[in-house]
file query01.tsv (TSV, C-alpha atoms and all ligand atoms)
chain	number	residue	atom	x	y	z
A	1	MET	CA	1.23	-10.97	-13.62
A	2	LYS	CA	1.44	-7.38	-12.46
A	3	HIS	CA	1.62	-4.00	-14.19
A	4	THR	CA	3.45	-0.99	-12.74
A	5	ASN	CA	1.56	2.28	-12.94
A	6	SER	CA	0.01	3.63	-9.75
A	7	PHE	CA	1.46	2.38	-6.45
A	8	ALA	CA	-2.12	1.82	-5.34
A	9	ASP	CA	-1.56	-1.59	-6.97
A	10	TYR	CA	1.38	-2.39	-4.67
A	11	THR	CA	1.58	-3.03	-0.94
A	12	ALA	CA	4.12	-1.23	1.23
A	13	ASP	CA	5.84	-4.57	1.91
A	14	GLU	CA	6.09	-5.31	-1.80
A	15	LEU	CA	7.65	-1.90	-2.46
A	16	LYS	CA	10.12	-2.28	0.40
A	17	GLY	CA	10.93	-5.78	-0.88
A	18	ILE	CA	11.67	-4.44	-4.38
A	19	LEU	CA	13.89	-1.69	-2.94
A	20	LEU	CA	15.80	-4.10	-0.70
A	21	LEU	CA	16.21	-6.46	-3.65
A	22	ALA	CA	17.50	-3.55	-5.77
A	23	GLU	CA	20.02	-2.70	-3.07
A	24	LYS	CA	21.15	-6.34	-2.86
A	25	ILE	CA	21.61	-6.56	-6.66
A	26	LYS	CA	23.45	-3.22	-6.72
A	27	LYS	CA	25.91	-4.42	-4.08
A	28	ASP	CA	26.68	-7.73	-5.84
A	29	GLN	CA	25.86	-7.26	-9.51
A	30	ALA	CA	27.82	-10.32	-10.65
A	31	ALA	CA	25.69	-12.65	-8.51
A	32	TRP	CA	22.59	-11.53	-10.43
A	33	SER	CA	24.03	-11.47	-13.96
A	34	HIS	CA	22.08	-14.52	-15.17
A	35	VAL	CA	18.83	-14.19	-13.24
A	36	LEU	CA	16.93	-13.03	-16.37
A	37	ASP	CA	18.79	-15.19	-18.93
A	38	GLY	CA	16.64	-15.53	-22.05
A	39	LYS	CA	14.10	-12.90	-20.96
A	40	LYS	CA	13.10	-10.20	-23.43
A	41	LEU	CA	12.01	-6.65	-22.66
A	42	TYR	CA	10.33	-4.48	-25.30
A	43	THR	CA	10.90	-0.76	-24.73
A	44	LEU	CA	8.76	1.78	-26.57
A	45	PHE	CA	9.29	5.53	-26.54
A	46	GLU	CA	6.73	8.10	-27.59
A	47	LYS	CA	8.24	10.67	-25.20
A	48	THR	CA	11.96	11.40	-25.52
A	49	SER	CA	14.33	9.85	-22.99
A	50	ASN	CA	17.88	9.54	-21.66
A	51	ARG	CA	17.62	7.87	-18.24
A	52	THR	CA	14.64	5.64	-18.92
A	53	TYR	CA	16.21	4.30	-22.11
A	54	LEU	CA	19.71	3.71	-20.72
A	55	SER	CA	18.61	2.33	-17.37
A	56	PHE	CA	16.19	-0.24	-18.77
A	57	VAL	CA	18.41	-1.37	-21.66
A	58	ILE	CA	21.62	-1.66	-19.62
A	59	GLY	CA	19.78	-2.93	-16.53
A	60	MET	CA	18.16	-5.74	-18.52
A	61	GLU	CA	21.52	-6.68	-20.06
A	62	GLU	CA	23.20	-6.72	-16.63
A	63	LEU	CA	20.59	-9.24	-15.46
A	64	GLY	CA	21.26	-11.57	-18.43
A	65	GLY	CA	18.21	-10.50	-20.45
A	66	LYS	CA	17.86	-8.47	-23.60
A	67	ALA	CA	15.99	-5.26	-24.41
A	68	TYR	CA	14.52	-4.44	-27.80
A	69	ASN	CA	13.96	-0.75	-28.30
A	70	GLN	CA	11.48	0.85	-30.67
A	71	LYS	CA	10.61	4.45	-31.38
A	72	TRP	CA	6.87	5.05	-31.23
A	73	SER	CA	7.06	6.97	-34.52
A	74	ASP	CA	8.44	3.85	-36.26
A	75	SER	CA	5.73	1.59	-34.83
A	76	ASN	CA	2.30	0.61	-36.11
A	77	PHE	CA	0.31	0.99	-32.90
A	78	THR	CA	-1.67	4.00	-34.06
A	79	ILE	CA	-2.63	2.80	-37.54
A	80	GLY	CA	-4.72	-0.19	-36.47
A	81	ASP	CA	-6.42	-1.88	-33.56
A	82	LEU	CA	-4.34	-1.39	-30.38
A	83	MET	CA	-5.65	-4.49	-28.58
A	84	SER	CA	-4.52	-6.95	-31.26
A	85	GLU	CA	-1.16	-5.22	-31.69
A	86	VAL	CA	-0.46	-5.40	-27.94
A	87	LYS	CA	-1.51	-9.05	-27.83
A	88	TYR	CA	0.83	-9.75	-30.76
A	89	VAL	CA	3.77	-8.10	-28.93
A	90	CYS	CA	3.09	-10.31	-25.92
A	91	ARG	CA	3.59	-13.41	-28.08
A	92	ASN	CA	7.24	-12.30	-28.42
A	93	VAL	CA	8.44	-10.70	-25.20
A	94	ASP	CA	8.29	-11.19	-21.44
A	95	CYS	CA	7.80	-7.57	-20.41
A	96	ILE	CA	6.92	-4.18	-21.93
A	97	MET	CA	8.21	-0.79	-20.79
A	98	GLY	CA	6.29	2.06	-22.45
A	99	ARG	CA	6.94	5.79	-22.19
A	100	PHE	CA	3.82	7.31	-23.67
A	101	LYS	CA	2.54	10.88	-23.81
A	102	LYS	CA	-0.89	10.01	-22.49
A	103	ALA	CA	-2.14	7.78	-19.69
A	104	GLU	CA	-4.82	6.40	-22.06
A	105	THR	CA	-2.08	4.70	-24.08
A	106	THR	CA	-0.39	3.26	-20.99
A	107	LEU	CA	-3.74	1.96	-19.74
A	108	GLY	CA	-4.56	0.56	-23.21
A	109	PHE	CA	-1.37	-1.50	-23.11
A	110	MET	CA	-2.05	-2.63	-19.53
A	111	LYS	CA	-5.62	-3.64	-20.32
A	112	ASN	CA	-4.61	-5.85	-23.24
A	113	ALA	CA	-1.17	-7.18	-22.34
A	114	THR	CA	-0.58	-10.70	-21.10
A	115	VAL	CA	2.92	-9.77	-19.87
A	116	PRO	CA	3.81	-7.12	-17.26
A	117	VAL	CA	3.71	-3.53	-18.53
A	118	ILE	CA	5.82	-0.87	-16.79
A	119	ASN	CA	4.89	2.80	-17.15
A	120	GLY	CA	8.15	4.52	-18.08
A	121	CYS	CA	6.55	7.98	-17.56
A	122	ASP	CA	3.35	9.35	-19.06
A	123	ASN	CA	1.36	12.48	-18.24
A	124	THR	CA	0.08	10.98	-14.97
A	125	PHE	CA	2.68	8.77	-13.32
A	126	HIS	CA	6.43	8.09	-13.28
A	127	PRO	CA	6.72	5.06	-10.98
A	128	THR	CA	10.26	3.96	-11.83
A	129	GLN	CA	11.58	7.43	-11.01
A	130	ALA	CA	9.83	7.22	-7.64
A	131	LEU	CA	11.38	3.80	-6.95
A	132	ALA	CA	14.83	5.26	-7.72
A	133	ASP	CA	14.09	8.23	-5.43
A	134	MET	CA	13.15	5.95	-2.54
A	135	LEU	CA	16.21	3.75	-3.08
A	136	THR	CA	18.39	6.88	-2.95
A	137	LEU	CA	16.66	8.17	0.18
A	138	TYR	CA	17.00	4.77	1.82
A	139	GLU	CA	20.72	4.65	1.01
A	140	LYS	CA	21.29	8.15	2.35
A	141	THR	CA	19.08	8.08	5.46
A	142	GLY	CA	18.72	4.37	6.26
A	143	ARG	CA	14.94	4.80	6.40
A	144	PHE	CA	11.95	4.17	4.16
A	145	ASP	CA	9.74	6.67	6.03
A	146	ALA	CA	11.54	9.75	4.77
A	147	LYS	CA	10.20	13.30	4.80
A	148	VAL	CA	10.27	15.00	1.41
A	149	LEU	CA	9.42	18.58	0.39
A	150	TYR	CA	8.56	18.85	-3.30
A	151	ILE	CA	8.56	22.36	-4.77
A	152	GLY	CA	7.46	22.69	-8.38
A	153	ALA	CA	4.74	21.74	-10.80
A	154	LYS	CA	2.16	19.13	-9.87
A	155	ASN	CA	3.00	16.53	-12.49
A	156	ASN	CA	3.75	12.86	-13.25
A	157	THR	CA	6.90	12.77	-11.09
A	158	TYR	CA	5.08	14.47	-8.21
A	159	ASN	CA	2.17	12.05	-8.33
A	160	SER	CA	4.31	8.92	-8.13
A	161	LEU	CA	6.58	10.46	-5.49
A	162	SER	CA	3.57	11.45	-3.37
A	163	GLU	CA	2.15	7.93	-3.66
A	164	ILE	CA	5.33	6.11	-2.69
A	165	VAL	CA	6.45	8.43	0.14
A	166	SER	CA	3.05	8.26	1.82
A	167	LYS	CA	2.72	4.52	1.22
A	168	LEU	CA	6.07	3.86	2.89
A	169	GLY	CA	5.07	5.84	5.98
A	170	GLY	CA	7.01	9.05	5.31
A	171	THR	CA	5.56	12.52	4.70
A	172	LEU	CA	5.33	14.33	1.41
A	173	TYR	CA	4.98	18.11	1.66
A	174	GLY	CA	3.91	19.57	-1.69
A	175	LEU	CA	4.31	23.20	-2.68
A	176	THR	CA	2.84	23.18	-6.17
A	177	PRO	CA	1.59	26.51	-7.51
A	178	PHE	CA	1.25	25.15	-11.04
A	179	SER	CA	-0.51	21.97	-12.15
A	180	GLN	CA	0.02	20.17	-15.46
A	181	VAL	CA	-3.07	18.86	-17.20
A	182	MET	CA	-3.27	15.23	-16.14
A	183	ALA	CA	-5.66	12.34	-16.49
A	184	ILE	CA	-5.79	11.66	-12.76
A	185	GLY	CA	-8.82	10.55	-10.76
A	186	ASP	CA	-10.81	13.30	-9.00
A	187	THR	CA	-10.11	11.88	-5.56
A	188	PHE	CA	-6.38	11.18	-6.04
A	189	TYR	CA	-5.06	14.01	-3.83
A	190	ASP	CA	-7.93	13.75	-1.31
A	191	ASP	CA	-7.16	10.05	-0.92
A	192	LEU	CA	-3.50	10.87	-0.32
A	193	LYS	CA	-4.47	13.47	2.31
A	194	GLN	CA	-6.57	10.82	4.07
A	195	THR	CA	-3.41	8.77	4.67
A	196	GLY	CA	-2.08	11.51	6.96
A	197	HIS	CA	1.25	11.28	5.11
A	198	TYR	CA	0.58	13.89	2.43
A	199	VAL	CA	0.43	17.63	3.12
A	200	GLU	CA	-0.19	20.39	0.57
A	201	LEU	CA	1.48	23.62	1.67
A	202	PRO	CA	-0.24	26.96	0.96
A	203	THR	CA	1.33	28.72	-2.01
A	204	ASP	CA	1.53	31.95	0.00
A	205	ILE	CA	3.75	30.33	2.64
A	206	SER	CA	6.42	32.80	3.83
A	207	LYS	CA	10.06	32.12	3.04
A	208	ASP	CA	10.80	31.81	6.77
A	209	GLU	CA	8.08	29.17	7.23
A	210	LEU	CA	9.28	27.34	4.13
A	211	LYS	CA	12.85	27.36	5.42
A	212	LYS	CA	11.61	25.67	8.60
A	213	VAL	CA	10.08	22.89	6.47
A	214	VAL	CA	13.33	22.63	4.49
A	215	ALA	CA	15.31	22.20	7.71
A	216	ASP	CA	12.88	19.54	8.98
A	217	VAL	CA	12.78	17.26	5.89
A	218	ASP	CA	15.34	14.78	4.57
A	219	CYS	CA	15.13	16.04	1.02
A	220	VAL	CA	13.96	18.95	-1.13
A	221	TYR	CA	12.84	17.76	-4.53
A	222	THR	CA	12.13	19.66	-7.72
A	223	ASP	CA	11.42	18.89	-11.38
A	224	THR	CA	11.03	20.82	-14.61
A	225	TRP	CA	8.22	23.39	-14.55
A	226	VAL	CA	6.82	21.97	-17.78
A	227	ASP	CA	6.93	18.35	-18.99
A	228	MET	CA	8.98	17.71	-22.10
A	229	GLU	CA	6.06	17.30	-24.50
A	230	PHE	CA	4.50	20.50	-23.18
A	231	PHE	CA	6.96	22.53	-25.29
A	232	THR	CA	5.19	21.36	-28.44
A	233	ASN	CA	1.67	21.99	-27.07
A	234	PRO	CA	-0.25	24.65	-28.98
A	235	GLY	CA	-0.18	27.92	-27.07
A	236	TYR	CA	2.92	27.06	-25.00
A	237	ALA	CA	4.94	30.02	-26.32
A	238	GLU	CA	2.26	32.48	-25.12
A	239	LYS	CA	1.98	30.77	-21.72
A	240	LYS	CA	5.72	30.43	-21.15
A	241	ASP	CA	6.33	33.84	-19.56
A	242	SER	CA	3.36	33.57	-17.21
A	243	ILE	CA	4.50	30.08	-16.07
A	244	ILE	CA	8.02	31.39	-15.41
A	245	ASN	CA	6.70	34.44	-13.52
A	246	MET	CA	4.36	32.28	-11.44
A	247	MET	CA	7.07	29.73	-10.57
A	248	MET	CA	10.14	31.94	-10.07
A	249	PRO	CA	9.38	32.73	-6.38
A	250	TYR	CA	9.55	28.96	-5.76
A	251	GLN	CA	13.00	28.43	-7.28
A	252	ILE	CA	15.37	26.28	-5.17
A	253	ASP	CA	18.06	28.83	-4.38
A	254	ALA	CA	20.88	29.59	-1.94
A	255	GLU	CA	18.60	31.52	0.41
A	256	LEU	CA	16.21	28.57	0.74
A	257	MET	CA	19.03	26.07	1.24
A	258	ALA	CA	21.12	28.24	3.61
A	259	GLU	CA	22.15	26.73	6.96
A	260	THR	CA	20.83	23.25	6.23
A	261	ASP	CA	22.32	19.96	5.12
A	262	THR	CA	18.99	18.78	3.64
A	263	LEU	CA	19.50	16.76	0.45
A	264	VAL	CA	18.41	18.15	-2.91
A	265	PHE	CA	16.92	15.78	-5.50
A	266	HIS	CA	15.99	16.40	-9.13
A	267	ASP	CA	14.82	13.75	-11.59
A	268	MET	CA	16.65	15.45	-14.51
A	269	PRO	CA	16.89	16.94	-17.12
A	270	ILE	CA	17.76	20.05	-15.06
A	271	HIS	CA	17.02	23.62	-16.14
A	272	PRO	CA	19.40	25.80	-14.10
A	273	GLY	CA	18.08	29.33	-13.68
A	274	PHE	CA	14.50	28.04	-13.58
A	275	GLU	CA	13.46	25.38	-11.02
A	276	ILE	CA	16.92	25.47	-9.40
A	277	THR	CA	19.82	27.91	-9.46
A	278	GLN	CA	23.15	26.96	-11.08
A	279	ASP	CA	25.03	27.10	-7.75
A	280	ILE	CA	22.59	24.86	-5.87
A	281	MET	CA	22.51	22.40	-8.77
A	282	GLU	CA	26.32	22.19	-8.77
A	283	GLN	CA	26.44	21.84	-4.98
A	284	HIS	CA	24.05	18.87	-5.06
A	285	LEU	CA	24.97	17.33	-8.41
A	286	GLU	CA	26.61	14.20	-7.00
A	287	THR	CA	23.42	13.39	-5.06
A	288	ILE	CA	21.30	14.05	-8.15
A	289	LEU	CA	23.55	11.76	-10.19
A	290	ASP	CA	23.30	9.05	-7.49
A	291	GLU	CA	19.52	9.38	-7.80
A	292	ALA	CA	19.71	9.15	-11.62
A	293	GLU	CA	22.01	6.12	-11.49
A	294	ASN	CA	19.57	4.48	-9.11
A	295	ARG	CA	16.99	4.39	-11.90
A	296	ARG	CA	18.92	1.40	-13.24
A	297	HIS	CA	19.31	-0.31	-9.87
A	298	ALA	CA	15.70	0.22	-8.81
A	299	GLU	CA	14.43	-1.00	-12.18
A	300	LYS	CA	16.59	-4.11	-11.89
A	301	GLY	CA	14.86	-4.92	-8.59
A	302	LEU	CA	11.48	-4.34	-10.23
A	303	LEU	CA	12.31	-6.43	-13.32
A	304	VAL	CA	13.54	-9.38	-11.23
A	305	TYR	CA	10.38	-9.21	-9.12
A	306	LEU	CA	8.03	-8.99	-12.10
A	307	LEU	CA	9.76	-11.64	-14.20
A	308	THR	CA	10.66	-14.21	-11.55
A	309	GLY	CA	8.04	-13.50	-8.88
A	310	THR	CA	10.70	-13.48	-6.19
A	311	LEU	CA	11.98	-10.75	-3.93
A	312	GLY	CA	15.30	-12.58	-3.60
B	401	LIG	N1	14.02	11.22	-15.16
B	401	LIG	C1	13.11	11.39	-16.10
B	401	LIG	O1	12.56	10.42	-16.61
B	401	LIG	N2	12.81	12.67	-16.41
B	401	LIG	C2	11.90	13.16	-17.36
B	401	LIG	C3	10.45	13.11	-17.03
B	401	LIG	C4	9.90	14.02	-16.01
B	401	LIG	C5	9.19	15.27	-16.47
B	401	LIG	N3	8.19	15.60	-15.48
B	401	LIG	C6	8.52	15.15	-17.83
B	401	LIG	O2	7.49	14.50	-17.96
B	401	LIG	O3	9.02	15.73	-18.77
call {"tool": "encode", "arguments": {"input": "query01.tsv", "output": "structure tokens"}}
result
Amino acid sequence: MKHTNSFADYTADELKGILLLAEKIKKDQAAWSHVLDGKKLYTLFEKTSNRTYLSFVIGMEELGGKAYNQKWSDSNFTIGDLMSEVKYVCRNVDCIMGRFKKAETTLGFMKNATVPVINGCDNTFHPTQALADMLTLYEKTGRFDAKVLYIGAKNNTYNSLSEIVSKLGGTLYGLTPFSQVMAIGDTFYDDLKQTGHYVELPTDISKDELKKVVADVDCVYTDTWVDMEFFTNPGYAEKKDSIINMMMPYQIDAELMAETDTLVFHDMPIHPGFEITQDIMEQHLETILDEAENRRHAEKGLLVYLLTGTLG
């Protein structure tokens, strides 16, 4: 029984196995349409969602299983003892996917659950997005050891992407002038640096130097400058202008992407005019939609692995 939160809990071979399984299922969906017959997935959303909801619910159905969705606000998890509620849920379902605002809640579920719990994005990690990103990179480059330049806020998506790229032998270059408040261990980034596959770029890097990195990598990746729940944080309105001013020099724009065929990824929802310009978004939208669709395919590989113990 295995939970999915930090990729520190997975070996590189396991991750490659899940991605290859995902690719196999994607190429012959009919052959896998009964593999999870009778299996039940409970999906819980405290944070809002489009891709995580659709990909898990439809993915589970395509594998022969069923997903039962619940809004966090309609649930009883916060009005009583969490441990006993989680244990009760596990008497009913085979797997839990939770998208919670805080890592403490994700970890509370993982500590008490007797079925696999998948983190569907909290304030620290977004592992299923990272699996979809690697599947997309593998499809487009034929390699697991891809080179990725992430430009944007240091956040949940960044953490999981950094973990998986470095674990699979690629290189993650991070240009992250702004950091979200996250419940991450003190040594997380130092440990990544120790791998030799994670490089933090100086925020005063010149545009010419940055363009050289862009030309050298397989993919430039960006995400929203503030996580979705951040909008409701007290004080956000006052901070908004300073965040925009700080981040605007790092926008993915035509000048940065000139004379290169480097891929552009975004985990969506996109905010054109902020982390990426409208023209660059439109130019790379098919790739971004391939990446978004791959949420479902990557999660199908993960669900089959977690619920059957096989990598196909
Ligand atoms: N594809 C997604 O699941 N996107 C939304 C989550 C990422 C973003 N960093 C957030 O937490 O709001």
call {"tool": "atom_distance", "arguments": {"input": "query01.tsv", "atom1": "atom CA of A:Met228", "atom2": "atom CA of A:Pro269"}}
result
9.4 Å
call {"tool": "residues_around", "arguments": {"input": "query01.tsv", "residues": "stretch 36-46 of chain A", "least_positions_apart": "6", "cutoff": "7 Å", "atoms": "only C-alpha atoms", "output": "list in words"}}
result
Leu63, Gly64, Gly65, Lys66, Ala67, Tyr68, Asn69, Gln70, Lys71, Trp72, Val93, Asp94, Cys95, Ile96, Met97, Gly98, Arg99, Phe100 and Lys101 of chain A
call {"tool": "closest_residue", "arguments": {"input": "query01.tsv", "among": "A:His284, A:Arg295, A:Lys154, A:His271", "to": "A:Asn123", "atoms": "only C-alpha atoms"}}
result
A:Lys154
call {"tool": "residues_around", "arguments": {"input": "query01.tsv", "residues": "stretch 26-33 of chain A", "least_positions_apart": "6", "cutoff": "12 Å", "atoms": "all atoms listed in the file", "output": "list in words"}}
result
Leu19, Leu20, Ile58, Gly59, Met60, Glu61, Glu62, Leu63, Gly64, Gly65, Lys66, Leu135, Thr136, Glu139, Glu293, Asn294, Arg295, Arg296, His297, Ala298, Glu299, Lys300, Gly301, Leu303, Val304 and Gly312 of chain A
call {"tool": "closest_residue", "arguments": {"input": "query01.tsv", "among": "A:Val35, A:Ala130, A:Met182, A:Val148", "to": "A:Leu161", "atoms": "all atoms listed in the file"}}
result
A:Ala130
call {"tool": "atom_distance", "arguments": {"input": "query01.tsv", "atom1": "atom CA of A:Leu201", "atom2": "atom CA of A:Thr171"}}
result
12.2 Å
call {"tool": "atom_distance", "arguments": {"input": "query01.tsv", "atom1": "atom CA of A:Tyr138", "atom2": "atom CA of A:Tyr173"}}
result
18.0 Å
call {"tool": "closest_residue", "arguments": {"input": "query01.tsv", "among": "A:Phe56, A:Ala292, A:Tyr10, A:Met268", "to": "A:Glu163", "atoms": "only C-alpha atoms"}}
result
A:Tyr10
call {"tool": "axis_aligned_box", "arguments": {"input": "query01.tsv", "around": "ligand LIG 401 (chain B)", "padding_each_side": "5 Å", "output": "lines of an AutoDock Vina configuration file"}}
result
center_x = 10.8
center_y = 13.1
center_z = -17.0
size_x = 16.5
size_y = 15.3
size_z = 13.6
call {"tool": "closest_residue", "arguments": {"input": "query01.tsv", "among": "A:Thr277, A:Gln194, A:Thr114, A:Thr52", "to": "A:Lys2", "atoms": "only C-alpha atoms"}}
result
A:Thr114
call {"tool": "residues_near_point", "arguments": {"input": "query01.tsv", "point": "(9.2, 10.4, 5.4)", "cutoff": "6 Å", "atoms": "all atoms listed in the file", "output": "number ranges by chain"}}
result
A: 145-147, 170-171
call {"tool": "closest_residue", "arguments": {"input": "query01.tsv", "among": "A:Leu149, A:Leu256, A:Ile243, A:Leu172", "to": "A:Val220", "atoms": "all atoms listed in the file"}}
result
A:Leu149
call {"tool": "residues_around", "arguments": {"input": "query01.tsv", "residues": "A:Met110", "least_positions_apart": "4", "cutoff": "7 Å", "atoms": "only C-alpha atoms", "output": "list in words"}}
result
His3, Thr106 and Val117 of chain A
call {"tool": "closest_residue", "arguments": {"input": "query01.tsv", "among": "A:Gln251, A:Thr124, A:Thr308, A:Ser75", "to": "ligand LIG 401 (chain B)", "atoms": "only C-alpha atoms and all ligand atoms"}}
result
A:Thr124
call {"tool": "decode", "arguments": {"input": "query01.tsv", "residues": "stretch 283-306 of chain A", "atoms": "N, CA and C atoms", "output": "short mmCIF file (atom, residue, chain, number, x, y, z; two decimals), in the first residue's frame"}}
result
data_model
loop_
_atom_site.label_atom_id
_atom_site.label_comp_id
_atom_site.auth_asym_id
_atom_site.auth_seq_id
_atom_site.Cartn_x
_atom_site.Cartn_y
_atom_site.Cartn_z
N GLN A 283 0.34 30.19 -29.49
CA GLN A 283 1.32 29.45 -30.29
C GLN A 283 1.57 28.05 -29.73
N HIS A 284 1.49 27.91 -28.42
CA HIS A 284 1.86 26.63 -27.78
C HIS A 284 0.65 25.91 -27.17
N LEU A 285 -0.55 26.37 -27.53
CA LEU A 285 -1.74 25.84 -26.85
C LEU A 285 -1.95 24.34 -27.09
N GLU A 286 -1.66 23.86 -28.29
CA GLU A 286 -1.86 22.42 -28.55
C GLU A 286 -0.97 21.57 -27.63
N THR A 287 0.26 22.02 -27.44
CA THR A 287 1.17 21.30 -26.54
C THR A 287 0.63 21.34 -25.10
N ILE A 288 0.16 22.52 -24.71
CA ILE A 288 -0.35 22.68 -23.33
C ILE A 288 -1.59 21.79 -23.13
N LEU A 289 -2.41 21.68 -24.19
CA LEU A 289 -3.60 20.82 -24.08
C LEU A 289 -3.21 19.34 -24.09
N ASP A 290 -2.14 18.99 -24.82
CA ASP A 290 -1.64 17.60 -24.76
C ASP A 290 -1.22 17.28 -23.32
N GLU A 291 -0.53 18.24 -22.73
CA GLU A 291 -0.05 18.09 -21.34
C GLU A 291 -1.24 17.93 -20.39
N ALA A 292 -2.27 18.76 -20.59
CA ALA A 292 -3.46 18.70 -19.72
C ALA A 292 -4.20 17.37 -19.91
N GLU A 293 -4.32 16.93 -21.17
CA GLU A 293 -4.99 15.65 -21.41
C GLU A 293 -4.22 14.50 -20.75
N ASN A 294 -2.91 14.65 -20.73
CA ASN A 294 -2.08 13.59 -20.15
C ASN A 294 -2.26 13.44 -18.64
N ARG A 295 -2.91 14.40 -18.00
CA ARG A 295 -3.26 14.19 -16.59
C ARG A 295 -4.03 12.86 -16.48
N ARG A 296 -5.03 12.70 -17.37
CA ARG A 296 -5.88 11.51 -17.30
C ARG A 296 -5.06 10.24 -17.58
N HIS A 297 -4.23 10.30 -18.59
CA HIS A 297 -3.47 9.09 -18.97
C HIS A 297 -2.43 8.74 -17.89
N ALA A 298 -1.74 9.75 -17.39
CA ALA A 298 -0.74 9.47 -16.35
C ALA A 298 -1.41 8.93 -15.08
N GLU A 299 -2.54 9.52 -14.73
CA GLU A 299 -3.25 9.05 -13.53
C GLU A 299 -3.78 7.64 -13.70
N LYS A 300 -4.14 7.28 -14.93
CA LYS A 300 -4.59 5.90 -15.17
C LYS A 300 -3.44 4.92 -14.91
N GLY A 301 -2.24 5.28 -15.35
CA GLY A 301 -1.07 4.44 -15.06
C GLY A 301 -0.86 4.32 -13.56
N LEU A 302 -0.98 5.45 -12.87
CA LEU A 302 -0.77 5.45 -11.41
C LEU A 302 -1.84 4.61 -10.71
N LEU A 303 -3.10 4.80 -11.11
CA LEU A 303 -4.20 4.06 -10.45
C LEU A 303 -4.05 2.55 -10.66
N VAL A 304 -3.69 2.14 -11.87
CA VAL A 304 -3.52 0.70 -12.12
C VAL A 304 -2.37 0.17 -11.26
N TYR A 305 -1.29 0.93 -11.16
CA TYR A 305 -0.16 0.49 -10.34
C TYR A 305 -0.57 0.39 -8.86
N LEU A 306 -1.23 1.41 -8.36
CA LEU A 306 -1.56 1.42 -6.93
C LEU A 306 -2.61 0.37 -6.58
#
